[in-house]
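Next up, model-v1.txt (compact mmCIF, C-alpha atoms):
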```txt
# COMPACT_ATOMS: atom_id res chain seq x y z
CA MET A 1 3.04 -77.97 -117.55
CA LYS A 2 5.21 -75.63 -115.54
CA GLN A 3 2.51 -72.96 -115.67
CA ASP A 4 -0.02 -75.41 -114.23
CA GLU A 5 2.34 -76.35 -111.41
CA LEU A 6 2.97 -72.68 -110.66
CA ALA A 7 -0.77 -71.94 -110.62
CA ASN A 8 -1.40 -74.89 -108.26
CA SER A 9 1.37 -73.69 -105.98
CA VAL A 10 -0.09 -70.16 -105.87
CA ASP A 11 -3.56 -71.56 -105.14
CA ALA A 12 -2.17 -73.69 -102.31
CA VAL A 13 -0.42 -70.71 -100.76
CA SER A 14 -3.57 -68.59 -101.06
CA GLU A 15 -5.67 -71.31 -99.47
CA GLU A 16 -3.21 -71.67 -96.60
CA ALA A 17 -3.21 -67.90 -96.04
CA ALA A 18 -7.00 -67.89 -96.04
CA LYS A 19 -7.02 -70.61 -93.37
CA LYS A 20 -4.73 -68.56 -91.16
CA ARG A 21 -7.00 -65.52 -91.49
CA ARG A 22 -10.05 -67.42 -90.30
CA TRP A 23 -11.20 -66.57 -86.82
CA ILE A 24 -12.69 -70.02 -86.19
CA THR A 25 -10.30 -72.90 -86.74
CA GLY A 26 -10.02 -76.43 -85.47
CA GLU A 27 -7.38 -75.37 -82.96
CA SER A 28 -9.55 -72.58 -81.55
CA ILE A 29 -12.49 -74.96 -81.15
CA VAL A 30 -10.29 -77.39 -79.23
CA SER A 31 -9.08 -74.54 -77.01
CA VAL A 32 -12.66 -73.50 -76.21
CA ILE A 33 -13.64 -77.08 -75.43
CA THR A 34 -10.63 -77.38 -73.09
CA VAL A 35 -11.71 -74.27 -71.18
CA LEU A 36 -15.30 -75.57 -70.92
CA ILE A 37 -14.05 -78.89 -69.55
CA LEU A 38 -11.96 -77.10 -66.93
CA VAL A 39 -14.94 -74.97 -65.87
CA ALA A 40 -17.14 -78.09 -65.64
CA LEU A 41 -14.49 -79.85 -63.54
CA TRP A 42 -14.16 -76.75 -61.34
CA THR A 43 -17.94 -76.70 -60.82
CA ALA A 44 -18.15 -80.40 -60.00
CA LEU A 45 -15.28 -80.33 -57.50
CA THR A 46 -16.44 -77.22 -55.65
CA ASP A 47 -20.04 -78.45 -55.49
CA SER A 48 -19.17 -81.89 -54.08
CA TYR A 49 -15.71 -82.01 -52.52
CA ILE A 50 -14.09 -78.61 -51.93
CA ASP A 51 -15.35 -76.11 -49.36
CA ASP A 52 -16.00 -72.60 -50.68
CA LEU A 53 -13.51 -71.17 -48.18
CA TYR A 54 -10.66 -73.13 -49.76
CA PHE A 55 -11.69 -72.60 -53.38
CA PRO A 56 -14.89 -70.77 -54.40
CA SER A 57 -17.29 -72.17 -56.98
CA PRO A 58 -17.93 -70.46 -60.33
CA MET A 59 -21.30 -69.19 -59.09
CA ASP A 60 -19.73 -67.60 -56.00
CA THR A 61 -17.12 -65.97 -58.21
CA ILE A 62 -19.77 -64.50 -60.53
CA GLN A 63 -21.73 -63.17 -57.57
CA VAL A 64 -18.64 -61.42 -56.22
CA VAL A 65 -18.11 -59.72 -59.59
CA GLY A 66 -21.67 -58.37 -59.43
CA ARG A 67 -21.23 -57.25 -55.83
CA MET A 68 -17.92 -55.47 -56.48
CA GLU A 69 -18.78 -54.06 -59.89
CA GLY A 70 -18.55 -50.46 -58.69
CA VAL A 71 -14.95 -50.67 -57.43
CA LEU A 72 -13.70 -53.50 -59.64
CA VAL A 73 -13.51 -51.36 -62.76
CA GLY A 74 -11.50 -48.69 -60.95
CA TYR A 75 -9.07 -51.25 -59.56
CA PHE A 76 -8.68 -52.83 -62.99
CA LEU A 77 -7.98 -49.52 -64.74
CA ALA A 78 -5.42 -48.51 -62.09
CA THR A 79 -3.51 -51.76 -62.55
CA MET A 80 -3.65 -51.61 -66.36
CA TYR A 81 -2.34 -48.03 -66.38
CA ARG A 82 0.68 -49.07 -64.33
CA VAL A 83 1.31 -52.18 -66.41
CA VAL A 84 1.03 -50.54 -69.84
CA VAL A 85 2.92 -47.32 -69.07
CA GLY A 86 5.70 -49.06 -67.10
CA MET A 87 6.07 -51.77 -69.72
CA LEU A 88 6.29 -49.31 -72.61
CA ILE A 89 8.86 -47.14 -70.84
CA GLY A 90 11.03 -50.11 -69.94
CA ALA A 91 10.74 -51.78 -73.37
CA VAL A 92 11.56 -48.62 -75.34
CA LEU A 93 14.51 -47.69 -73.11
CA GLY A 94 15.77 -51.28 -73.24
CA VAL A 95 15.73 -51.46 -77.04
CA VAL A 96 17.30 -48.03 -77.45
CA SER A 97 20.02 -48.82 -74.90
CA GLY A 98 20.73 -52.21 -76.50
CA VAL A 99 21.12 -50.66 -79.95
CA ALA A 100 23.30 -47.87 -78.54
CA MET A 101 25.53 -50.38 -76.73
CA SER A 102 26.05 -52.35 -79.93
CA TRP A 103 26.67 -49.13 -81.89
CA ASN A 104 29.31 -47.59 -79.61
CA LYS A 105 31.85 -49.46 -77.49
CA TRP A 106 32.13 -46.58 -75.01
CA ILE A 107 28.40 -46.59 -74.34
CA ASN A 108 28.66 -50.33 -73.87
CA ALA A 109 31.56 -49.88 -71.43
CA VAL A 110 29.47 -47.47 -69.33
CA LEU A 111 26.14 -49.33 -69.34
CA ASP A 112 27.25 -52.97 -69.31
CA PRO A 113 28.47 -53.13 -65.66
CA LEU A 114 25.38 -51.24 -64.50
CA ILE A 115 23.00 -53.56 -66.32
CA GLU A 116 24.82 -56.73 -65.35
CA GLY A 117 24.89 -55.59 -61.73
CA LEU A 118 21.17 -54.77 -61.76
CA ARG A 119 19.92 -57.73 -63.80
CA PRO A 120 20.39 -60.53 -61.21
CA ILE A 121 18.62 -58.52 -58.48
CA PRO A 122 14.91 -59.39 -58.20
CA ALA A 123 13.02 -56.17 -58.83
CA VAL A 124 10.56 -57.17 -56.08
CA ALA A 125 13.38 -56.82 -53.53
CA LEU A 126 13.54 -53.09 -54.32
CA ILE A 127 9.89 -52.43 -53.47
CA PRO A 128 10.54 -51.28 -49.85
CA PHE A 129 13.05 -48.70 -51.11
CA PHE A 130 10.66 -47.43 -53.78
CA ILE A 131 7.94 -47.01 -51.16
CA LEU A 132 10.34 -45.00 -48.99
CA TRP A 133 11.52 -42.87 -51.90
CA PHE A 134 8.30 -42.34 -53.85
CA GLY A 135 5.51 -43.25 -51.41
CA ILE A 136 2.57 -45.45 -52.41
CA GLY A 137 1.62 -43.48 -55.51
CA ASP A 138 2.10 -44.48 -59.14
CA THR A 139 5.61 -43.09 -59.62
CA GLY A 140 7.44 -45.85 -57.77
CA LYS A 141 5.36 -48.59 -59.38
CA LEU A 142 5.99 -47.23 -62.86
CA ILE A 143 9.75 -46.98 -62.27
CA LEU A 144 9.87 -50.49 -60.79
CA THR A 145 7.95 -51.95 -63.73
CA ALA A 146 10.10 -50.04 -66.20
CA ILE A 147 13.28 -51.40 -64.61
CA GLY A 148 12.02 -54.96 -64.94
CA GLY A 149 11.11 -54.48 -68.60
CA PHE A 150 14.34 -52.61 -69.31
CA THR A 151 16.61 -55.43 -68.13
CA VAL A 152 14.72 -57.97 -70.25
CA MET A 153 14.68 -55.89 -73.42
CA VAL A 154 18.25 -54.61 -73.30
CA VAL A 155 19.65 -58.15 -73.04
CA THR A 156 17.22 -59.41 -75.70
CA THR A 157 18.26 -56.60 -78.05
CA LEU A 158 21.99 -57.16 -77.56
CA GLU A 159 21.74 -60.91 -78.12
CA ALA A 160 19.53 -60.44 -81.18
CA ILE A 161 22.03 -58.03 -82.76
CA LYS A 162 24.92 -60.40 -82.07
CA HIS A 163 23.14 -63.16 -83.99
CA VAL A 164 22.37 -61.15 -87.12
CA SER A 165 24.04 -62.92 -90.02
CA PRO A 166 27.30 -61.11 -90.90
CA ILE A 167 26.81 -62.05 -94.55
CA TYR A 168 24.05 -59.46 -94.93
CA ILE A 169 26.13 -56.79 -93.22
CA MET A 170 29.18 -57.49 -95.40
CA ALA A 171 27.02 -57.44 -98.52
CA ALA A 172 25.58 -54.07 -97.52
CA ARG A 173 29.04 -52.67 -96.90
CA THR A 174 30.18 -53.95 -100.28
CA LEU A 175 27.32 -52.05 -101.90
CA GLY A 176 28.39 -48.87 -100.12
CA ALA A 177 25.81 -48.71 -97.33
CA SER A 178 26.67 -46.50 -94.37
CA ARG A 179 26.58 -47.74 -90.79
CA LEU A 180 23.30 -45.95 -90.16
CA GLU A 181 21.77 -47.52 -93.27
CA ILE A 182 22.96 -50.98 -92.18
CA TYR A 183 21.24 -50.59 -88.82
CA ARG A 184 18.08 -49.17 -90.38
CA THR A 185 17.67 -51.61 -93.26
CA ILE A 186 19.29 -54.82 -91.99
CA ILE A 187 19.87 -55.03 -88.25
CA LEU A 188 16.62 -53.52 -86.95
CA PRO A 189 14.35 -55.55 -89.26
CA ALA A 190 16.38 -58.71 -88.53
CA ILE A 191 16.04 -58.40 -84.74
CA THR A 192 12.33 -57.49 -84.73
CA PRO A 193 11.04 -61.11 -84.47
CA THR A 194 13.29 -61.69 -81.46
CA LEU A 195 12.22 -58.41 -79.87
CA ILE A 196 8.57 -59.50 -80.07
CA GLY A 197 9.46 -62.50 -77.90
CA GLY A 198 11.16 -60.18 -75.43
CA VAL A 199 8.09 -57.94 -75.31
CA ARG A 200 5.90 -60.95 -74.50
CA VAL A 201 8.18 -61.80 -71.57
CA THR A 202 8.07 -58.16 -70.49
CA VAL A 203 4.26 -58.19 -70.48
CA ALA A 204 4.11 -61.11 -68.04
CA LEU A 205 6.87 -59.61 -65.87
CA SER A 206 5.12 -56.21 -65.79
CA PHE A 207 1.91 -57.75 -64.47
CA ALA A 208 3.87 -59.61 -61.78
CA LEU A 209 5.79 -56.51 -60.67
CA VAL A 210 2.73 -54.25 -60.60
CA ILE A 211 0.66 -56.73 -58.58
CA ALA A 212 3.56 -57.29 -56.16
CA SER A 213 4.04 -53.54 -55.69
CA GLU A 214 0.31 -53.14 -55.06
CA PHE A 215 0.56 -55.83 -52.37
CA MET A 216 3.27 -53.87 -50.57
CA GLY A 217 1.77 -50.40 -50.74
CA ALA A 218 -1.16 -49.01 -52.70
CA GLN A 219 -4.65 -47.62 -52.38
CA SER A 220 -5.97 -48.97 -55.67
CA GLY A 221 -5.38 -51.77 -58.13
CA LEU A 222 -6.11 -55.48 -58.35
CA GLY A 223 -3.19 -56.32 -56.08
CA TYR A 224 -4.58 -53.96 -53.45
CA MET A 225 -8.00 -55.62 -53.82
CA ILE A 226 -6.49 -59.08 -53.35
CA MET A 227 -4.57 -57.91 -50.28
CA LEU A 228 -7.73 -56.51 -48.67
CA ALA A 229 -9.63 -59.71 -49.45
CA ARG A 230 -6.83 -61.82 -47.94
CA ARG A 231 -7.10 -60.01 -44.61
CA THR A 232 -10.77 -61.01 -44.27
CA LEU A 233 -10.47 -64.45 -45.93
CA GLN A 234 -12.67 -63.44 -48.86
CA THR A 235 -11.27 -66.14 -51.10
CA ASP A 236 -13.93 -65.51 -53.72
CA ALA A 237 -12.71 -61.93 -54.19
CA ILE A 238 -9.11 -63.18 -54.30
CA LEU A 239 -10.03 -65.64 -57.04
CA VAL A 240 -11.80 -62.91 -59.02
CA GLY A 241 -8.63 -60.82 -58.94
CA VAL A 242 -6.48 -63.75 -60.03
CA ILE A 243 -8.82 -64.62 -62.91
CA ILE A 244 -8.95 -61.02 -64.13
CA ILE A 245 -5.15 -60.80 -64.06
CA GLY A 246 -4.80 -64.05 -65.99
CA ILE A 247 -7.37 -63.17 -68.65
CA THR A 248 -6.05 -59.63 -69.09
CA SER A 249 -2.46 -60.84 -69.37
CA TRP A 250 -3.53 -63.37 -72.01
CA ILE A 251 -5.40 -60.70 -74.01
CA VAL A 252 -2.42 -58.33 -73.94
CA ASP A 253 -0.11 -61.16 -74.98
CA ARG A 254 -2.40 -62.03 -77.89
CA PHE A 255 -2.43 -58.38 -78.95
CA VAL A 256 1.38 -58.29 -78.91
CA ARG A 257 1.50 -61.47 -80.99
CA ILE A 258 -0.93 -60.06 -83.57
CA ILE A 259 1.07 -56.84 -83.87
CA GLY A 260 4.29 -58.86 -84.02
CA ASN A 261 2.97 -61.13 -86.78
CA TYR A 262 1.96 -58.08 -88.79
CA LEU A 263 5.33 -56.34 -88.34
CA THR A 264 7.23 -59.53 -89.23
CA ARG A 265 4.90 -60.80 -91.96
CA TRP A 266 7.92 -60.96 -94.27
CA ALA A 267 9.74 -63.44 -92.03
CA PRO A 268 9.52 -67.19 -92.84
CA ARG A 269 7.77 -69.30 -90.18
CA SER A 270 7.68 -73.00 -89.46
CA GLU A 271 4.27 -74.61 -89.01
```

Before anything else, please render the file you have as structure tokens.
Amino acid sequence: MKQDELANSVDAVSEEAAKKRRWITGESIVSVITVLILVALWTALTDSYIDDLYFPSPMDTIQVVGRMEGVLVGYFLATMYRVVVGMLIGAVLGVVSGVAMSWNKWINAVLDPLIEGLRPIPAVALIPFFILWFGIGDTGKLILTAIGGFTVMVVTTLEAIKHVSPIYIMAARTLGASRLEIYRTIILPAITPTLIGGVRVTVALSFALVIASEFMGAQSGLGYMIMLARRTLQTDAILVGVIIIGITSWIVDRFVRIIGNYLTRWAPRSE
């Protein structure tokens, strides 16, 4: 009897895992239908009630993409380079600094006042200084984006380490584990799920900072394209830029979630 119950339990778990691996699920179908309804509503409103100057129709938006195809790809790649490189630099430095601050009290004493003094300052407010210091090239934009990601990840890392259960650490010490082994085998794996959430926040913040910096001073990028379109009231081009930013941000976020689910596949999850 117990063997039958165990076999049924294993089959149920396998079936549930198979459902999660499916690309097409009921939830995804509902999401697609929701997007289609929004597009239909957008089409109906712009065709009957809203002037194209105030909000372009889907057809106008598609036509702009075809008209700007030559420069749109270059703008997109310039923005993505700044987002990805700046985000990675900031995230890595933030995690390393957070771990170092929890490891050594003197490192914490040096970095804590600097981070707490920098964290409340909106990174966008520093854009004029970065333009003066680094010009309108990529260097200033990368540093600005890295600073934004750094402040998010260092705080996320510190808080995650503080909330690691002390029972596991005491058990490891009882078994003779060194401090380095405790960090490597207990603390770092335990904080990984929380760090994934911090990375997702960093992704959205990186897009915002890069676009804002491209507004202020740039010669390429989606933010630069939107700024040029604003000057001539090309609202269709503005909308194209906004849509591309939204879709790209969503794709990057999904990628981070997939990687995070794989890295934390051992962690229990609620449905």

query = Using all atoms listed in the file, which of A:Ser57, A:Thr202, A:Ser213, A:Ser165 sits nearest Ile186 (chain A)?
reply = A:Ser165

note = Nearest to Thr194 (chain A), restricted to only C-alpha atoms and choosing among A:Thr156, A:Thr34, A:Ser249, A:Ser28, comes out as A:Thr156

inquiry  = List as a PyMOL selection string the protein and nucleic acid residues near Leu195 (chain A), meaning an atom at most 7 Å away when all atoms listed in the file are counted, but skip any in the same chain fewer than 4 places from it.
reply    = chain A and resi 156-157+191+199

message = I'd like the neighbourhood of Ala208 (chain A) as a count of residues only, where a residue qualifies if any of its atoms comes within 12 Å (using only C-alpha atoms), though same-chain residues fewer than 5 positions away should be ignored.
response = 26

inquiry  = Using Å and a single decimal, report how far CA of Thr61 (chain A) sits from CA of Thr46 (chain A).
reply    =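 Between CA of Thr46 (chain A) and CA of Thr61 (chain A) the gap works out to 11.6 Å.
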
query = So which residues are close to (-18.7, -58.1, -58.2), meaning at most 12 Å away in the file's coordinates with only C-alpha atoms counted, and can you show them as a PyMOL selection string?
reply = chain A and resi 59-73+75+225+236-241+244

query = Quick one, how far is CA of Gly176 (chain A) from CA of Lys105 (chain A)?
reply =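 Going from CA of Gly176 (chain A) over to CA of Lys105 (chain A), I get 22.9 Å.
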
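CA of Ile121 (chain A) is positioned 21.1 Å from CA of Met101 (chain A).
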
task = List the neighbours of Val96 (chain A) out to 12 Å using all atoms listed in the file; skip same-chain residues closer than 2 positions along the sequence, and give me the result as a list of chain:residue names.
result =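 Non-adjacent residues within range: A:Ile89, A:Gly90, A:Ala91, A:Val92, A:Leu93, A:Gly94, A:Gly98, A:Val99, A:Ala100, A:Met101, A:Ser102, A:Trp103, A:Ile107, A:Phe150, A:Thr151, A:Met153, A:Val154, A:Val155, A:Thr156, A:Thr157, A:Leu158, A:Leu188, A:Leu195.
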
query = Restricting the calculation to all atoms listed in the file, which member of A:Leu53, A:Tyr183, A:Ala40, A:Leu126 is positioned closest to Arg230 (chain A)?
reply = A:Leu53

ask   = Which of these residues is nearest to Leu118 (chain A), using only C-alpha atoms: A:Val152, A:Arg254, A:Arg231, A:Ser206?
value =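 Of the candidates, the smallest distance to Leu118 (chain A) is held by A:Val152.
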
ask   = Which residue, A:Val95, A:Ser178, A:Pro120, A:Ala146, has the smallest gap to Glu159 (chain A) when you use all atoms listed in the file?
value =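 Residue with the minimum atom-to-atom distance to Glu159 (chain A): A:Val95.
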